[in-house]
Amino acid sequence: MNNINSGFSFAKITISLFLLISSFLNAQTPKGKLFIIGGGNRSDELMQQVLSVAELSKKDYIAVLPMSSEQPDSSFIFFKTQMLKLTANPIVMLNFNRETAQNKTLADSVQKAKLIFITGGDQVRFMNVVQNTPIKTAIQKAYENGSTISGTSAGAAVMSEKMITGNQKLQKQYSGTFDNIRYDNLETSEGLGLLKTAIIDQHFLKRNRYNRLLSALVEFPALTGIGIDESTAIIVRNNQIEVAGESEVIVVRNPKGILKSKKNNLISIENLQMSIYTAGQKFNIK
């Protein structure tokens, strides 16, 4: 009898442990999708794909967060004018500042949006508004619960946990180019954290940002570096990524033999993996 009871108790513990692990894994897997655009022109075809991925019902609405932009009203009007040709769903602008970003009622409106779109501009400006606020939590929860989070340019950069700011530590003046590969030169800060195993760069081929992404890979070798060109996007479904749009996506990862010179901050990498993908092609990240 004792053996039977012991076996029964062991089975109960095993089942309970299995259910606990399953619950944990499900909680860690977002139900939503990301549609990350590399900036530049957004064709009607590309934006129609955003709507298709979001799978909006008639009662769903689109929330536009324009805080990256110096001209948020103009960014919203540009987005809305295009989208009104493509959908009958309501489109609302939710333009927060540090004070209103603490409003939990407004945060609830963000969380309930089935499609959230983050405009271009300055990713640091956006994160300065939402960092450590209910709005950032609302975006994360919306993604976890099944909403699609989309963004372009700065709105692409904020998607990852490690966010490229665009600034260089060793160069005081901002430059649109990144003309070197040096250790501890790339400035990063905390993004939205929707992508935890990859780091995003945008306008990639158009602005020759290879140096910047390679610098990121040296700083964070465990991450996958994804460079998205203009008029091009990646669609993220958990760990699988599909390319959409007109140009290419560059992926770099697995750097080996990284050496950093203490004298002049120069970097050497013995080997790394680089791939180029076009519309319709897919790849996986960790």
# chains A, B, ... in the order shown; residues from 1 in each chain; ligands from 1

$ residues_around --residues "Val218 in chain A" --least-positions-apart "3" --cutoff "10 Å" --atoms "only C-alpha atoms" --output "mmCIF file with N, CA, C and O atoms, in the first residue's frame"
data_model
loop_
_atom_site.group_PDB
_atom_site.id
_atom_site.type_symbol
_atom_site.label_atom_id
_atom_site.label_comp_id
_atom_site.auth_asym_id
_atom_site.auth_seq_id
_atom_site.Cartn_x
_atom_site.Cartn_y
_atom_site.Cartn_z
ATOM 1 N N ILE A 181 34.311 51.022 -36.752
ATOM 2 C CA ILE A 181 33.925 49.878 -35.920
ATOM 3 C C ILE A 181 34.894 49.861 -34.751
ATOM 4 O O ILE A 181 36.025 49.385 -34.870
ATOM 5 N N ARG A 182 34.468 50.432 -33.644
ATOM 6 C CA ARG A 182 35.315 50.517 -32.462
ATOM 7 C C ARG A 182 34.571 50.016 -31.235
ATOM 8 O O ARG A 182 33.363 50.199 -31.108
ATOM 9 N N TYR A 183 35.315 49.418 -30.344
ATOM 10 C CA TYR A 183 34.729 48.884 -29.118
ATOM 11 C C TYR A 183 34.253 50.019 -28.208
ATOM 12 O O TYR A 183 34.904 51.044 -28.082
ATOM 13 N N ASP A 184 33.123 49.807 -27.587
ATOM 14 C CA ASP A 184 32.545 50.747 -26.615
ATOM 15 C C ASP A 184 32.313 52.134 -27.217
ATOM 16 O O ASP A 184 32.481 53.150 -26.560
ATOM 17 N N LEU A 186 29.406 52.379 -29.553
ATOM 18 C CA LEU A 186 27.976 52.362 -29.838
ATOM 19 C C LEU A 186 27.177 52.656 -28.576
ATOM 20 O O LEU A 186 27.327 51.986 -27.561
ATOM 21 N N LEU A 213 25.737 48.136 -36.981
ATOM 22 C CA LEU A 213 25.211 46.831 -36.578
ATOM 23 C C LEU A 213 26.324 45.880 -36.158
ATOM 24 O O LEU A 213 26.170 45.102 -35.209
ATOM 25 N N LEU A 214 27.469 45.945 -36.844
ATOM 26 C CA LEU A 214 28.609 45.116 -36.442
ATOM 27 C C LEU A 214 29.118 45.531 -35.063
ATOM 28 O O LEU A 214 29.504 44.682 -34.246
ATOM 29 N N SER A 215 29.113 46.823 -34.790
ATOM 30 C CA SER A 215 29.503 47.297 -33.458
ATOM 31 C C SER A 215 28.546 46.759 -32.401
ATOM 32 O O SER A 215 28.967 46.390 -31.298
ATOM 33 N N PRO A 221 27.251 39.872 -28.382
ATOM 34 C CA PRO A 221 27.465 38.761 -29.325
ATOM 35 C C PRO A 221 26.402 37.679 -29.269
ATOM 36 O O PRO A 221 26.268 36.904 -30.220
ATOM 37 N N ALA A 222 25.628 37.606 -28.191
ATOM 38 C CA ALA A 222 24.584 36.581 -28.100
ATOM 39 C C ALA A 222 23.330 36.972 -28.876
ATOM 40 O O ALA A 222 22.456 36.133 -29.119
ATOM 41 N N LEU A 223 23.226 38.246 -29.284
ATOM 42 C CA LEU A 223 22.041 38.714 -29.996
ATOM 43 C C LEU A 223 22.193 38.513 -31.505
ATOM 44 O O LEU A 223 23.301 38.391 -32.024
ATOM 45 N N ARG A 253 25.122 37.390 -37.177
ATOM 46 C CA ARG A 253 25.095 36.716 -35.871
ATOM 47 C C ARG A 253 26.298 35.793 -35.697
ATOM 48 O O ARG A 253 27.073 35.571 -36.622
ATOM 49 N N ASN A 254 26.402 35.278 -34.489
ATOM 50 C CA ASN A 254 27.430 34.298 -34.116
ATOM 51 C C ASN A 254 28.864 34.776 -34.398
ATOM 52 O O ASN A 254 29.645 34.084 -35.064
ATOM 53 N N PRO A 255 29.248 35.942 -33.890
ATOM 54 C CA PRO A 255 30.641 36.380 -34.083
ATOM 55 C C PRO A 255 31.596 35.497 -33.276
ATOM 56 O O PRO A 255 31.327 35.166 -32.122
ATOM 57 N N LYS A 256 32.692 35.140 -33.893
ATOM 58 C CA LYS A 256 33.695 34.302 -33.240
ATOM 59 C C LYS A 256 35.048 35.005 -33.260
ATOM 60 O O LYS A 256 35.375 35.709 -34.215
ATOM 61 N N ILE A 258 36.378 37.424 -31.227
ATOM 62 C CA ILE A 258 36.357 38.877 -31.068
ATOM 63 C C ILE A 258 37.572 39.318 -30.245
ATOM 64 O O ILE A 258 37.812 38.810 -29.159
ATOM 65 N N LEU A 259 38.315 40.274 -30.781
ATOM 66 C CA LEU A 259 39.430 40.870 -30.058
ATOM 67 C C LEU A 259 39.227 42.377 -29.991
ATOM 68 O O LEU A 259 38.849 43.005 -30.983
ATOM 69 N N LYS A 260 39.492 42.955 -28.827
ATOM 70 C CA LYS A 260 39.297 44.391 -28.620
ATOM 71 C C LYS A 260 40.613 45.020 -28.200
ATOM 72 O O LYS A 260 41.208 44.618 -27.204
ATOM 73 N N ILE A 267 38.555 46.856 -33.274
ATOM 74 C CA ILE A 267 37.938 45.544 -33.082
ATOM 75 C C ILE A 267 38.373 44.618 -34.208
ATOM 76 O O ILE A 267 38.501 45.039 -35.355
ATOM 77 N N SER A 268 38.568 43.358 -33.883
ATOM 78 C CA SER A 268 38.707 42.349 -34.933
ATOM 79 C C SER A 268 37.748 41.196 -34.621
ATOM 80 O O SER A 268 37.514 40.863 -33.456
ATOM 81 N N ILE A 269 37.173 40.633 -35.674
ATOM 82 C CA ILE A 269 36.292 39.471 -35.562
ATOM 83 C C ILE A 269 36.805 38.424 -36.539
ATOM 84 O O ILE A 269 36.935 38.689 -37.741
#

$ closest_atom_pairs --of "range 192-231 of chain A" --to "range 115-122 of chain A" --cutoff "12 Å" --atoms "only C-alpha atoms" --output "JSON lines"
{"residue": "A:Leu192", "atom": "CA", "partner": "A:Ile118", "partner_atom": "CA", "distance": 11.4}
{"residue": "A:Gln202", "atom": "CA", "partner": "A:Gly120", "partner_atom": "CA", "distance": 10.5}
{"residue": "A:His203", "atom": "CA", "partner": "A:Gly120", "partner_atom": "CA", "distance": 11.2}

$ atom_distance --atom1 "CA of Thr232 in chain A" --atom2 "CA of Val249 in chain A"
7.6 Å

$ select_by_dssp --residues "range 59-105 of chain A" --states "strand (DSSP E or B)" --output "PyMOL selection string"
chain A and resi 62-65+91-93

$ atom_distance --atom1 "CA of Leu34 in chain A" --atom2 "CA of Leu217 in chain A"
21.8 Å

$ closest_residue --among "A:Asn211, A:Asn265, A:Gln131, A:Gln82" --to "Glu45 in chain A" --atoms "only C-alpha atoms"
A:Gln82

$ residues_around --residues "range 67-78 of chain A" --least-positions-apart "4" --cutoff "12 Å" --atoms "only C-alpha atoms" --output "ChimeraX atom specification"
/A:41-42,62-63,82-85,91-98,100-101,117-130,135,151-158

$ closest_residue --among "A:Thr165, A:Ser231, A:Asn208, A:Asn185" --to "Leu266 in chain A" --atoms "only C-alpha atoms"
A:Asn185

$ closest_residue --among "A:Thr177, A:Ser150, A:Ser189, A:Gln273" --to "Leu46 in chain A" --atoms "only C-alpha atoms"
A:Ser150

$ atom_distance --atom1 "CA of Gln49 in chain A" --atom2 "CA of Thr148 in chain A"
11.7 Å

$ select_by_dssp --residues "range 80-278 of chain A" --states "helix (DSSP H, G or I)" --output "NGL selection string"
:A and (80-83 or 100-102 or 104-111 or 123-130 or 134-145 or 154-157 or 210-219)

$ residues_around --residues "Met159 in chain A" --least-positions-apart "4" --cutoff "8 Å" --atoms "only C-alpha atoms" --output "list in words"
Ile36, Gly155, Met163, Gly191, Leu192, Gly193, Leu194, Leu195 and Ile200 of chain A

$ write_last_selection --atoms "N, CA and C atoms" --output "PDB file, in the first residue's frame"
ATOM      1  N   ILE A  36       7.747  45.217 -38.253  1.00  0.00           N
ATOM      2  CA  ILE A  36       8.776  46.232 -38.042  1.00  0.00           C
ATOM      3  C   ILE A  36       9.292  46.725 -39.394  1.00  0.00           C
ATOM      4  N   GLY A 155      10.382  53.919 -34.731  1.00  0.00           N
ATOM      5  CA  GLY A 155       9.407  52.946 -34.232  1.00  0.00           C
ATOM      6  C   GLY A 155       9.857  51.514 -34.415  1.00  0.00           C
ATOM      7  N   MET A 163      18.400  48.866 -27.420  1.00  0.00           N
ATOM      8  CA  MET A 163      18.018  49.787 -28.488  1.00  0.00           C
ATOM      9  C   MET A 163      19.200  50.641 -28.917  1.00  0.00           C
ATOM     10  N   GLY A 191      15.023  49.578 -24.740  1.00  0.00           N
ATOM     11  CA  GLY A 191      13.858  49.750 -25.589  1.00  0.00           C
ATOM     12  C   GLY A 191      12.619  49.137 -24.952  1.00  0.00           C
ATOM     13  N   LEU A 192      11.646  48.799 -25.795  1.00  0.00           N
ATOM     14  CA  LEU A 192      10.397  48.228 -25.292  1.00  0.00           C
ATOM     15  C   LEU A 192      10.566  46.780 -24.847  1.00  0.00           C
ATOM     16  N   GLY A 193      11.592  46.100 -25.338  1.00  0.00           N
ATOM     17  CA  GLY A 193      11.838  44.728 -24.905  1.00  0.00           C
ATOM     18  C   GLY A 193      10.912  43.703 -25.529  1.00  0.00           C
ATOM     19  N   LEU A 194      10.299  44.025 -26.665  1.00  0.00           N
ATOM     20  CA  LEU A 194       9.425  43.063 -27.342  1.00  0.00           C
ATOM     21  C   LEU A 194      10.257  42.004 -28.058  1.00  0.00           C
ATOM     22  N   LEU A 195      11.449  42.380 -28.499  1.00  0.00           N
ATOM     23  CA  LEU A 195      12.426  41.444 -29.066  1.00  0.00           C
ATOM     24  C   LEU A 195      13.595  41.357 -28.103  1.00  0.00           C
ATOM     25  N   ILE A 200      17.763  45.707 -33.518  1.00  0.00           N
ATOM     26  CA  ILE A 200      17.272  46.202 -34.800  1.00  0.00           C
ATOM     27  C   ILE A 200      18.019  47.464 -35.225  1.00  0.00           C
TER      28      ILE A 200
END
